[in-house]
Amino acid sequence: MDLNTSKLIIDLIQYFFIFFTVTAILSYLILAIISVFENGNYMKKNSFVNYKDILSSSISPSISIIAPAYNETLNIVENVRSLLSNHYVNYDVIIVNDGSKDDSLEKLIKAYDLVKVDYIINNQIPTKPLREGVFKSTNPAFEKLIVVDKQNGGKADALNTGLNISPNKYVACIDVDCLLLEDSLLKMIKPFLEATDSKVIASGGVIRIANSCTIRDGKLIDVNLPGNLLVRGQILEYLRAFLLGRMAWSRLNGLLVISGAFGMFDKKIAIEVGGYDTKTVGEDMEIIVRMRRHMEEQKIKYKVAYIPDPLCWTEAPDNYKTFISQRNRWTRGTIETLRKHKKIGFNPKYKSLGVISYPYWMIYERLAPIIEVAGIIYFIFLFVNKAIKWDYALAFLFVAYLFTILFSIITILTEELTSHQYKKKGVGFHLITTAFLEPIINHPVILYAAVKGNFDYYFNKEKKWGEMVRKGMNKAQK
Amino acid sequence: MVNIYFYIVEYFKYSPKIIQFLWALSAVFVLIIISLSIYLNHLRVRLRAKERIKAVYQKKYESDLIEYLYSGNEVDEISYEQQIIIDYLNKCAKSSLKRKIIISTLLKLKDEISGETSDAIQRLYCQTGLVHYASSKLKSKKWDVIAKGINELAQFEIKEAHNDVIEHIDHPKREVRKEIQMYSVKLFRFDGLEFLNILTTQLSEWDQIQLLEILQKFESQNMPDITKWLQSSNDSVVSFALKLAKIYNQYEAKEHIVALLNHSSQEIRIESITVLSNFGDIDTSVVLKNDFNQRSIEEQVAIFKMIEDLNDTSDIPFLLEHVNNSNFEIKVLATKILKELNNREDNNIRLITTDIEYSEKTGLIKAS
């Protein structure tokens, strides 16, 4: 290879990285602008809505909350109590004990006066068989509760059992340890009931991080900012994703994922597409993509709605091991979903799903960590060959770093102007400090987890969910 | 220090354009970050202060309102003590924040009480001039301000604003039109539903529930004739009329509802079956059983739910026909109804209890 060819290749690589960075920044900016506009619009529309009437209305539609539980003995009783204390009138809670090896079931039986009942289940979606069976309470105070004990089949399988057993038109699939706010079901059902010109197939809301928050009797009492920088970084990350990302995707009707922590579905469509995929670790994203694909193929006008209000609080990993394991799983889930539905990609037949959402996820979510690592390798190569133009490198690096900080600060501002959850004095300063530190402390770990996720996907097929060791919001976070 | 400054200026001057651009962009970013951080701090301080003020004034206004309600006398329309409170609130209402606090306090109290006290709050709303602020919102160019104004007037049941409110009946924004509908029903009850006669846009399920909730709060009402709505070309109006028929047992409209069993919309056909089932209309059940196979699965399920409520031994042959229906829900319902009939009347359906599968099913149903 002569010198000119080598120079040309190096130049091309450089242009590729510049092009990728510029388009990524532009896409973030466009999404942020749309989100800010949409957040304002949502606030305008909902500032005078009287939720109270519908909340207590007996003619409001029935909803099933489906919560899979696996070895959740630590907090299962409190978590179920929290789920049972929602202010919505017409709902039931289906706890699917997914073959727990601990005493979760015994604790539930004792706490809620459960007795085994015979129950006809319409197995529309194949699932693992029942273990102990179906339980209901003899206490009228817990009449909304149904507990299903089944053989272990994973989260997706447990959710499918819930879909099979639910008698209602709408289902809210949540993580059992999530804390739902009192009006969360109502806010999530609203888009389904409001739609007149298209069918709403699913809705999602903002998930907030509950570490360090005070929770008593299943209710959020006090919102605090955790001291742990890893968790704080995740708070910023969640805010960016939920307030400045998903809102825009919802506006573009291109939302590809609704958080597995809390999402509501039209049960009929969810069953029609075959329920959750038990073979993927990214079942929350996969089912949305499949439902959307189904609607596009059926040529039915549809929408995936998004609520920018904080509706659900969850515990985030507070140590690097669990954090890496979680991000590794998210990466594998994304790869699996995009590969499974590659037919959609760049296919105009699937409209915005095919030509905007899928390509965006493929390039800026799926491939971004790989491109970033390639960039680092390229940088090392140049360094070794003493070919780095430091003035260029430093200028680019500095601009990228500042842009990240700026974007985070805009997110914090959006949060303050919309929900203003972190009210305490001094929190603003800590959030800004986190905005400066997060790209240095959290981002390299996220990148490592994503690369490891790619590696595990291709070379370690046995790897499944990984452990999420929970401290439990009720005990640990007071 | 001066040397460093000159070095930077020289470096910047002789750098390539792209480097110059990047550093200039960095400077802009730094400036924006500093400005936004200052603004964020200011905003947070302001929001905290606002919440403190809100808490203090809310407490103050609550006690003022209670004092107002209990300081009336039978001699004067407005007592001296009440006048002082009115003047004070009138003065406070000039501040937008305080006005919002007064209104929310009034509404909170209004929701908790009824009768004369509730009327007194409504009077106070007018006496303090708050009604004028709400009415002035109707002249705004912003749709959300208009909608908020109508919403407030509806909550305080200000009939005098009707003409101004109705001016926006064709407002391009759905939210404004919706608030007008709520206003009409809240103030004029069933008469307020007149808008259904001319409604061309769809009334969402959410809107329907809200309207029904408002209507259900009133007692002893004169229900208007719903037949014209049952015949509406707007499907959402028909659906709403069916809900009215069900809640208010509009048996007189039965013939029109029966006609809807052949409506082009499946949802309306199903809703009609449900309403007729609610009426206990056995005749329809017979008709539906006759053309059962011509109907969609969803309608068939609705028919079985109807039979679940209205059954007798004459249904047994029909039920036996569907014990092995390919649809799970129909199969379960058929078995369940047969089991109930079997328990109620010790008759010939014992015949099928020899079927092992049936025995298992009924055993299950018994406990479910």
# chains A, B, ... in the order shown; residues from 1 in each chain; ligands from 1

call {"tool": "select_by_dssp", "arguments": {"residues": "segment 244-360 of chain A", "states": "strand (DSSP E)", "output": "PDB file with C-alpha atoms, in the first residue's frame"}}
result
ATOM      1  CA  PHE A 262     -44.182  -0.200  33.588  1.00  0.00           C
ATOM      2  CA  GLY A 263     -46.123  -0.351  30.335  1.00  0.00           C
ATOM      3  CA  MET A 264     -49.770  -0.697  29.407  1.00  0.00           C
ATOM      4  CA  PHE A 265     -51.063  -2.757  26.500  1.00  0.00           C
ATOM      5  CA  ASP A 266     -54.186  -3.519  24.569  1.00  0.00           C
ATOM      6  CA  TYR A 302     -52.220   2.846  15.367  1.00  0.00           C
ATOM      7  CA  LYS A 303     -50.204   4.671  17.956  1.00  0.00           C
ATOM      8  CA  VAL A 304     -47.826   3.892  20.812  1.00  0.00           C
ATOM      9  CA  ALA A 305     -48.492   6.604  23.391  1.00  0.00           C
ATOM     10  CA  TYR A 306     -46.127   8.117  25.898  1.00  0.00           C
ATOM     11  CA  ILE A 307     -46.864  10.047  29.089  1.00  0.00           C
ATOM     12  CA  PRO A 308     -44.147  12.452  30.215  1.00  0.00           C
ATOM     13  CA  ASP A 309     -45.311  12.399  33.839  1.00  0.00           C
ATOM     14  CA  PRO A 310     -43.350  10.466  36.447  1.00  0.00           C
ATOM     15  CA  LEU A 311     -45.612   7.470  37.048  1.00  0.00           C
ATOM     16  CA  CYS A 312     -43.371   4.741  38.340  1.00  0.00           C
ATOM     17  CA  TRP A 313     -40.309   4.671  40.632  1.00  0.00           C
ATOM     18  CA  THR A 314     -37.807   1.853  40.560  1.00  0.00           C
TER      19      THR A 314
END

call {"tool": "residues_around", "arguments": {"residues": "segment 139-149 of chain B", "least_positions_apart": "6", "cutoff": "8 Å", "atoms": "only C-alpha atoms", "output": "list in words"}}
result
Lys44, Lys45 and Phe48 of chain A; Lys173, Glu175, Val176 and Glu179 of chain B

call {"tool": "select_by_dssp", "arguments": {"residues": "segment 99-335 of chain B", "states": "helix (DSSP H, G or I)", "output": "PDB file with C-alpha atoms, in the first residue's frame"}}
result
ATOM      1  CA  ARG B  99     -55.648  34.089  42.457  1.00  0.00           C
ATOM      2  CA  LYS B 100     -54.732  30.511  41.576  1.00  0.00           C
ATOM      3  CA  ILE B 101     -54.392  29.648  45.275  1.00  0.00           C
ATOM      4  CA  ILE B 102     -57.775  31.206  46.114  1.00  0.00           C
ATOM      5  CA  ILE B 103     -59.472  29.333  43.269  1.00  0.00           C
ATOM      6  CA  SER B 104     -57.924  25.992  44.212  1.00  0.00           C
ATOM      7  CA  THR B 105     -58.887  26.557  47.866  1.00  0.00           C
ATOM      8  CA  LEU B 106     -62.449  27.398  46.865  1.00  0.00           C
ATOM      9  CA  LEU B 107     -62.690  24.328  44.657  1.00  0.00           C
ATOM     10  CA  LYS B 108     -61.218  22.069  47.312  1.00  0.00           C
ATOM     11  CA  LEU B 109     -63.822  23.259  49.788  1.00  0.00           C
ATOM     12  CA  LYS B 110     -66.607  23.132  47.212  1.00  0.00           C
ATOM     13  CA  ASP B 111     -65.798  19.473  46.488  1.00  0.00           C
ATOM     14  CA  GLU B 112     -65.973  18.570  50.149  1.00  0.00           C
ATOM     15  CA  GLU B 116     -76.127  25.941  50.963  1.00  0.00           C
ATOM     16  CA  THR B 117     -72.440  26.094  51.873  1.00  0.00           C
ATOM     17  CA  SER B 118     -71.506  25.129  48.359  1.00  0.00           C
ATOM     18  CA  ASP B 119     -73.782  27.887  47.035  1.00  0.00           C
ATOM     19  CA  ALA B 120     -72.092  30.343  49.407  1.00  0.00           C
ATOM     20  CA  ILE B 121     -68.708  29.473  47.913  1.00  0.00           C
ATOM     21  CA  GLN B 122     -70.116  30.006  44.453  1.00  0.00           C
ATOM     22  CA  ARG B 123     -71.406  33.445  45.555  1.00  0.00           C
ATOM     23  CA  LEU B 124     -68.034  34.292  47.042  1.00  0.00           C
ATOM     24  CA  TYR B 125     -66.403  33.397  43.727  1.00  0.00           C
ATOM     25  CA  CYS B 126     -68.538  36.060  42.067  1.00  0.00           C
ATOM     26  CA  GLN B 127     -68.269  38.600  44.904  1.00  0.00           C
ATOM     27  CA  LEU B 130     -62.776  35.991  40.302  1.00  0.00           C
ATOM     28  CA  VAL B 131     -65.508  35.282  37.789  1.00  0.00           C
ATOM     29  CA  HIS B 132     -64.360  38.269  35.715  1.00  0.00           C
ATOM     30  CA  TYR B 133     -60.838  36.876  35.477  1.00  0.00           C
ATOM     31  CA  ALA B 134     -62.251  33.560  34.219  1.00  0.00           C
ATOM     32  CA  SER B 135     -64.571  35.327  31.758  1.00  0.00           C
ATOM     33  CA  SER B 136     -61.714  37.420  30.444  1.00  0.00           C
ATOM     34  CA  LYS B 137     -59.840  34.213  29.645  1.00  0.00           C
ATOM     35  CA  TRP B 143     -56.639  27.892  23.187  1.00  0.00           C
ATOM     36  CA  ASP B 144     -55.405  26.550  26.509  1.00  0.00           C
ATOM     37  CA  VAL B 145     -56.315  29.795  28.305  1.00  0.00           C
ATOM     38  CA  ILE B 146     -59.830  29.658  26.817  1.00  0.00           C
ATOM     39  CA  ALA B 147     -60.196  26.007  27.834  1.00  0.00           C
ATOM     40  CA  LYS B 148     -59.006  26.779  31.370  1.00  0.00           C
ATOM     41  CA  GLY B 149     -61.490  29.653  31.575  1.00  0.00           C
ATOM     42  CA  ILE B 150     -64.396  27.454  30.499  1.00  0.00           C
ATOM     43  CA  ASN B 151     -63.278  24.730  32.877  1.00  0.00           C
ATOM     44  CA  GLU B 152     -63.257  27.175  35.791  1.00  0.00           C
ATOM     45  CA  LEU B 153     -66.658  28.623  34.880  1.00  0.00           C
ATOM     46  CA  ALA B 154     -68.037  25.090  34.707  1.00  0.00           C
ATOM     47  CA  GLN B 155     -66.623  24.152  38.092  1.00  0.00           C
ATOM     48  CA  LYS B 159     -74.605  30.129  33.941  1.00  0.00           C
ATOM     49  CA  GLU B 160     -74.273  33.829  33.100  1.00  0.00           C
ATOM     50  CA  ALA B 161     -71.187  33.096  31.027  1.00  0.00           C
ATOM     51  CA  HIS B 162     -73.105  30.705  28.775  1.00  0.00           C
ATOM     52  CA  ASN B 163     -73.331  33.077  25.792  1.00  0.00           C
ATOM     53  CA  ASP B 164     -69.614  33.844  25.904  1.00  0.00           C
ATOM     54  CA  VAL B 165     -68.735  30.183  26.294  1.00  0.00           C
ATOM     55  CA  ILE B 166     -70.945  29.012  23.438  1.00  0.00           C
ATOM     56  CA  ARG B 174     -60.719  19.692  20.383  1.00  0.00           C
ATOM     57  CA  GLU B 175     -59.883  20.491  24.028  1.00  0.00           C
ATOM     58  CA  VAL B 176     -61.884  23.739  23.911  1.00  0.00           C
ATOM     59  CA  ARG B 177     -64.900  22.037  22.345  1.00  0.00           C
ATOM     60  CA  LYS B 178     -64.673  19.311  24.962  1.00  0.00           C
ATOM     61  CA  GLU B 179     -64.666  21.845  27.811  1.00  0.00           C
ATOM     62  CA  ILE B 180     -67.789  23.452  26.312  1.00  0.00           C
ATOM     63  CA  GLN B 181     -69.510  20.075  26.329  1.00  0.00           C
ATOM     64  CA  MET B 182     -68.570  19.553  29.988  1.00  0.00           C
ATOM     65  CA  TYR B 183     -69.718  23.074  30.817  1.00  0.00           C
ATOM     66  CA  SER B 184     -73.091  22.526  29.130  1.00  0.00           C
ATOM     67  CA  VAL B 185     -73.745  19.224  30.894  1.00  0.00           C
ATOM     68  CA  LYS B 186     -72.530  20.421  34.275  1.00  0.00           C
ATOM     69  CA  LEU B 187     -74.794  23.456  34.163  1.00  0.00           C
ATOM     70  CA  PHE B 188     -77.794  22.305  32.170  1.00  0.00           C
ATOM     71  CA  ARG B 189     -77.647  18.560  32.921  1.00  0.00           C
ATOM     72  CA  PHE B 190     -79.496  16.521  30.286  1.00  0.00           C
ATOM     73  CA  ASP B 191     -80.487  19.689  28.424  1.00  0.00           C
ATOM     74  CA  GLY B 192     -76.766  20.306  28.022  1.00  0.00           C
ATOM     75  CA  LEU B 193     -76.550  17.178  25.871  1.00  0.00           C
ATOM     76  CA  GLU B 194     -78.267  18.985  23.016  1.00  0.00           C
ATOM     77  CA  PHE B 195     -74.870  19.337  21.365  1.00  0.00           C
ATOM     78  CA  LEU B 196     -75.134  15.635  20.515  1.00  0.00           C
ATOM     79  CA  ASN B 197     -77.777  16.515  17.901  1.00  0.00           C
ATOM     80  CA  GLU B 205     -64.508   7.060  25.331  1.00  0.00           C
ATOM     81  CA  TRP B 206     -62.766   9.368  27.810  1.00  0.00           C
ATOM     82  CA  ASP B 207     -65.201  12.208  27.033  1.00  0.00           C
ATOM     83  CA  GLN B 208     -68.161   9.857  27.354  1.00  0.00           C
ATOM     84  CA  ILE B 209     -67.062   8.645  30.794  1.00  0.00           C
ATOM     85  CA  GLN B 210     -66.531  12.216  31.954  1.00  0.00           C
ATOM     86  CA  LEU B 211     -69.986  13.292  30.753  1.00  0.00           C
ATOM     87  CA  LEU B 212     -71.655  10.291  32.368  1.00  0.00           C
ATOM     88  CA  GLU B 213     -69.836  10.932  35.625  1.00  0.00           C
ATOM     89  CA  ILE B 214     -71.101  14.525  35.663  1.00  0.00           C
ATOM     90  CA  LEU B 215     -74.669  13.373  34.921  1.00  0.00           C
ATOM     91  CA  GLN B 216     -74.605  10.684  37.581  1.00  0.00           C
ATOM     92  CA  THR B 227     -83.973   7.817  20.354  1.00  0.00           C
ATOM     93  CA  LYS B 228     -82.671  10.552  18.067  1.00  0.00           C
ATOM     94  CA  TRP B 229     -79.148   9.907  19.396  1.00  0.00           C
ATOM     95  CA  LEU B 230     -79.583   6.173  18.923  1.00  0.00           C
ATOM     96  CA  ASP B 235     -71.208   6.274  15.884  1.00  0.00           C
ATOM     97  CA  SER B 236     -69.794   7.822  19.051  1.00  0.00           C
ATOM     98  CA  VAL B 237     -73.150   9.517  19.742  1.00  0.00           C
ATOM     99  CA  VAL B 238     -74.925   6.175  19.301  1.00  0.00           C
ATOM    100  CA  SER B 239     -72.438   4.541  21.653  1.00  0.00           C
ATOM    101  CA  PHE B 240     -72.976   7.291  24.229  1.00  0.00           C
ATOM    102  CA  ALA B 241     -76.766   6.980  23.912  1.00  0.00           C
ATOM    103  CA  LEU B 242     -76.455   3.240  24.523  1.00  0.00           C
ATOM    104  CA  LYS B 243     -74.518   3.940  27.713  1.00  0.00           C
ATOM    105  CA  LEU B 244     -77.260   6.346  28.782  1.00  0.00           C
ATOM    106  CA  ALA B 245     -79.869   3.707  28.010  1.00  0.00           C
ATOM    107  CA  LYS B 246     -78.025   1.177  30.124  1.00  0.00           C
ATOM    108  CA  ILE B 247     -77.371   3.417  33.117  1.00  0.00           C
ATOM    109  CA  TYR B 251     -86.552   0.519  28.263  1.00  0.00           C
ATOM    110  CA  GLU B 252     -88.806   2.745  26.130  1.00  0.00           C
ATOM    111  CA  ALA B 253     -85.999   2.956  23.591  1.00  0.00           C
ATOM    112  CA  LYS B 254     -85.859  -0.836  23.270  1.00  0.00           C
ATOM    113  CA  GLU B 255     -87.138  -0.981  19.686  1.00  0.00           C
ATOM    114  CA  HIS B 256     -84.455   1.422  18.512  1.00  0.00           C
ATOM    115  CA  ILE B 257     -81.792  -0.539  20.346  1.00  0.00           C
ATOM    116  CA  VAL B 258     -82.982  -3.788  18.772  1.00  0.00           C
ATOM    117  CA  ALA B 259     -82.593  -2.085  15.383  1.00  0.00           C
ATOM    118  CA  LEU B 260     -78.953  -1.405  16.298  1.00  0.00           C
ATOM    119  CA  LEU B 261     -78.257  -5.143  16.412  1.00  0.00           C
ATOM    120  CA  ASN B 262     -77.730  -4.796  12.673  1.00  0.00           C
ATOM    121  CA  GLN B 266     -69.492  -4.201  15.465  1.00  0.00           C
ATOM    122  CA  GLU B 267     -68.844  -2.283  18.690  1.00  0.00           C
ATOM    123  CA  ILE B 268     -72.326  -0.790  18.569  1.00  0.00           C
ATOM    124  CA  ARG B 269     -73.868  -4.184  17.876  1.00  0.00           C
ATOM    125  CA  ILE B 270     -72.066  -5.600  20.929  1.00  0.00           C
ATOM    126  CA  GLU B 271     -73.031  -2.638  23.123  1.00  0.00           C
ATOM    127  CA  SER B 272     -76.645  -3.085  22.010  1.00  0.00           C
ATOM    128  CA  ILE B 273     -76.592  -6.744  23.050  1.00  0.00           C
ATOM    129  CA  THR B 274     -75.209  -5.729  26.440  1.00  0.00           C
ATOM    130  CA  VAL B 275     -77.899  -3.068  26.950  1.00  0.00           C
ATOM    131  CA  LEU B 276     -80.703  -5.424  25.927  1.00  0.00           C
ATOM    132  CA  SER B 277     -79.273  -8.023  28.269  1.00  0.00           C
ATOM    133  CA  ASN B 278     -79.367  -5.408  30.981  1.00  0.00           C
ATOM    134  CA  PHE B 279     -83.048  -4.836  30.191  1.00  0.00           C
ATOM    135  CA  ILE B 282     -85.596 -12.498  26.567  1.00  0.00           C
ATOM    136  CA  ASP B 283     -87.222 -11.923  23.125  1.00  0.00           C
ATOM    137  CA  THR B 284     -83.970 -10.508  21.777  1.00  0.00           C
ATOM    138  CA  SER B 285     -82.087 -13.437  23.205  1.00  0.00           C
ATOM    139  CA  VAL B 286     -84.262 -15.756  21.070  1.00  0.00           C
ATOM    140  CA  VAL B 287     -83.680 -13.642  17.944  1.00  0.00           C
ATOM    141  CA  LEU B 288     -79.932 -13.553  18.537  1.00  0.00           C
ATOM    142  CA  LYS B 289     -79.754 -17.302  19.045  1.00  0.00           C
ATOM    143  CA  ASN B 290     -81.427 -17.784  15.675  1.00  0.00           C
ATOM    144  CA  PHE B 292     -75.961 -16.732  16.050  1.00  0.00           C
ATOM    145  CA  ASN B 293     -73.775 -18.240  13.338  1.00  0.00           C
ATOM    146  CA  GLN B 294     -74.035 -15.157  11.152  1.00  0.00           C
ATOM    147  CA  ILE B 297     -67.022 -14.114  17.448  1.00  0.00           C
ATOM    148  CA  GLU B 298     -67.114 -10.992  19.644  1.00  0.00           C
ATOM    149  CA  GLU B 299     -70.890 -10.722  19.171  1.00  0.00           C
ATOM    150  CA  GLN B 300     -71.280 -14.433  19.862  1.00  0.00           C
ATOM    151  CA  VAL B 301     -69.426 -13.993  23.155  1.00  0.00           C
ATOM    152  CA  ALA B 302     -71.733 -11.070  23.994  1.00  0.00           C
ATOM    153  CA  ILE B 303     -74.758 -13.248  23.197  1.00  0.00           C
ATOM    154  CA  PHE B 304     -73.485 -15.934  25.571  1.00  0.00           C
ATOM    155  CA  LYS B 305     -72.958 -13.323  28.267  1.00  0.00           C
ATOM    156  CA  MET B 306     -76.565 -12.299  27.690  1.00  0.00           C
ATOM    157  CA  ILE B 307     -77.721 -15.899  28.048  1.00  0.00           C
ATOM    158  CA  GLU B 308     -75.656 -16.147  31.230  1.00  0.00           C
ATOM    159  CA  ASP B 309     -77.946 -13.515  32.733  1.00  0.00           C
ATOM    160  CA  THR B 313     -84.276 -24.740  30.317  1.00  0.00           C
ATOM    161  CA  SER B 314     -85.268 -23.881  26.737  1.00  0.00           C
ATOM    162  CA  ASP B 315     -81.653 -22.736  26.227  1.00  0.00           C
ATOM    163  CA  ILE B 316     -80.239 -26.180  26.957  1.00  0.00           C
ATOM    164  CA  PRO B 317     -80.189 -27.532  23.348  1.00  0.00           C
ATOM    165  CA  PHE B 318     -78.491 -24.343  22.168  1.00  0.00           C
ATOM    166  CA  LEU B 319     -75.959 -24.512  25.000  1.00  0.00           C
ATOM    167  CA  LEU B 320     -75.198 -28.174  24.383  1.00  0.00           C
ATOM    168  CA  GLU B 321     -74.520 -27.287  20.781  1.00  0.00           C
ATOM    169  CA  PHE B 328     -62.599 -20.832  24.530  1.00  0.00           C
ATOM    170  CA  GLU B 329     -64.780 -18.124  26.043  1.00  0.00           C
ATOM    171  CA  ILE B 330     -67.968 -19.467  24.437  1.00  0.00           C
ATOM    172  CA  LYS B 331     -67.124 -23.011  25.456  1.00  0.00           C
ATOM    173  CA  VAL B 332     -66.552 -21.972  29.076  1.00  0.00           C
ATOM    174  CA  LEU B 333     -69.696 -19.844  29.184  1.00  0.00           C
ATOM    175  CA  ALA B 334     -71.815 -22.624  27.680  1.00  0.00           C
ATOM    176  CA  THR B 335     -70.515 -25.102  30.251  1.00  0.00           C
TER     177      THR B 335
END

call {"tool": "residues_around", "arguments": {"residues": "segment 67-72 of chain A", "least_positions_apart": "5", "cutoff": "7 Å", "atoms": "only C-alpha atoms", "output": "number ranges by chain"}}
result
A: 94-102, 104, 155, 158-159, 173-176

call {"tool": "atom_distance", "arguments": {"atom1": "atom CA of Gly153 of chain A", "atom2": "atom CA of Pro129 of chain A"}}
result
9.2 Å

call {"tool": "closest_residue", "arguments": {"among": "A:Ile287, A:Lys425, A:Asn454, A:Ser419", "to": "Arg48 of chain B", "atoms": "only C-alpha atoms"}}
result
A:Lys425

call {"tool": "closest_residue", "arguments": {"among": "A:Asp177, A:Asp53, A:Glu438, A:Asp183", "to": "chain B", "atoms": "only C-alpha atoms"}}
result
A:Asp53

call {"tool": "residues_around", "arguments": {"residues": "Lys116 of chain A", "least_positions_apart": "6", "cutoff": "8 Å", "atoms": "only C-alpha atoms", "output": "NGL selection string"}}
result
:A and (133-136)

call {"tool": "interface_residues", "arguments": {"of": "chain A", "to": "chain B", "cutoff": "8 Å", "atoms": "only C-alpha atoms", "output": "CSV table (one decimal) with C-alpha atoms, in the first residue's frame"}}
result
chain,number,residue,atom,x,y,z
A,44,LYS,CA,-51.1,22.6,28.3
A,45,LYS,CA,-53.5,19.9,27.5
A,48,PHE,CA,-57.1,21.4,33.5
A,53,ASP,CA,-64.0,11.9,38.3
A,54,ILE,CA,-62.7,9.1,36.1
A,57,SER,CA,-65.9,6.1,37.9
A,59,ILE,CA,-67.7,2.8,34.2
A,60,SER,CA,-64.0,3.3,33.5
A,117,VAL,CA,-58.9,-21.9,43.7
A,118,ASP,CA,-59.6,-23.8,40.5
A,119,TYR,CA,-59.3,-21.4,37.7
A,120,ILE,CA,-59.8,-21.9,34.0
A,122,ASN,CA,-57.3,-19.8,28.4
A,190,LYS,CA,-56.1,8.0,29.1
A,193,LEU,CA,-59.7,6.1,25.8
A,194,GLU,CA,-59.0,9.4,24.1
A,195,ALA,CA,-58.0,8.0,20.7
A,196,THR,CA,-60.8,8.3,18.1
A,391,ASP,CA,-4.9,20.6,18.3
A,392,TYR,CA,-7.7,18.9,16.3
A,395,ALA,CA,-10.8,20.7,20.1
A,396,PHE,CA,-13.1,17.9,19.0
A,398,PHE,CA,-13.7,19.4,24.3
A,399,VAL,CA,-16.7,20.3,22.0
A,402,LEU,CA,-19.3,20.3,26.5
A,403,PHE,CA,-22.2,19.3,24.3
A,405,ILE,CA,-22.9,18.6,29.7
A,406,LEU,CA,-25.1,21.1,27.9
A,409,ILE,CA,-28.3,20.7,31.8
A,410,ILE,CA,-31.1,21.2,29.4
A,413,LEU,CA,-34.1,22.4,33.3
A,416,GLU,CA,-37.6,21.5,36.8
A,423,LYS,CA,-37.1,20.1,45.4
A,428,GLY,CA,-29.5,21.6,41.6
A,429,PHE,CA,-25.8,22.0,42.3
A,432,ILE,CA,-25.0,20.0,37.6
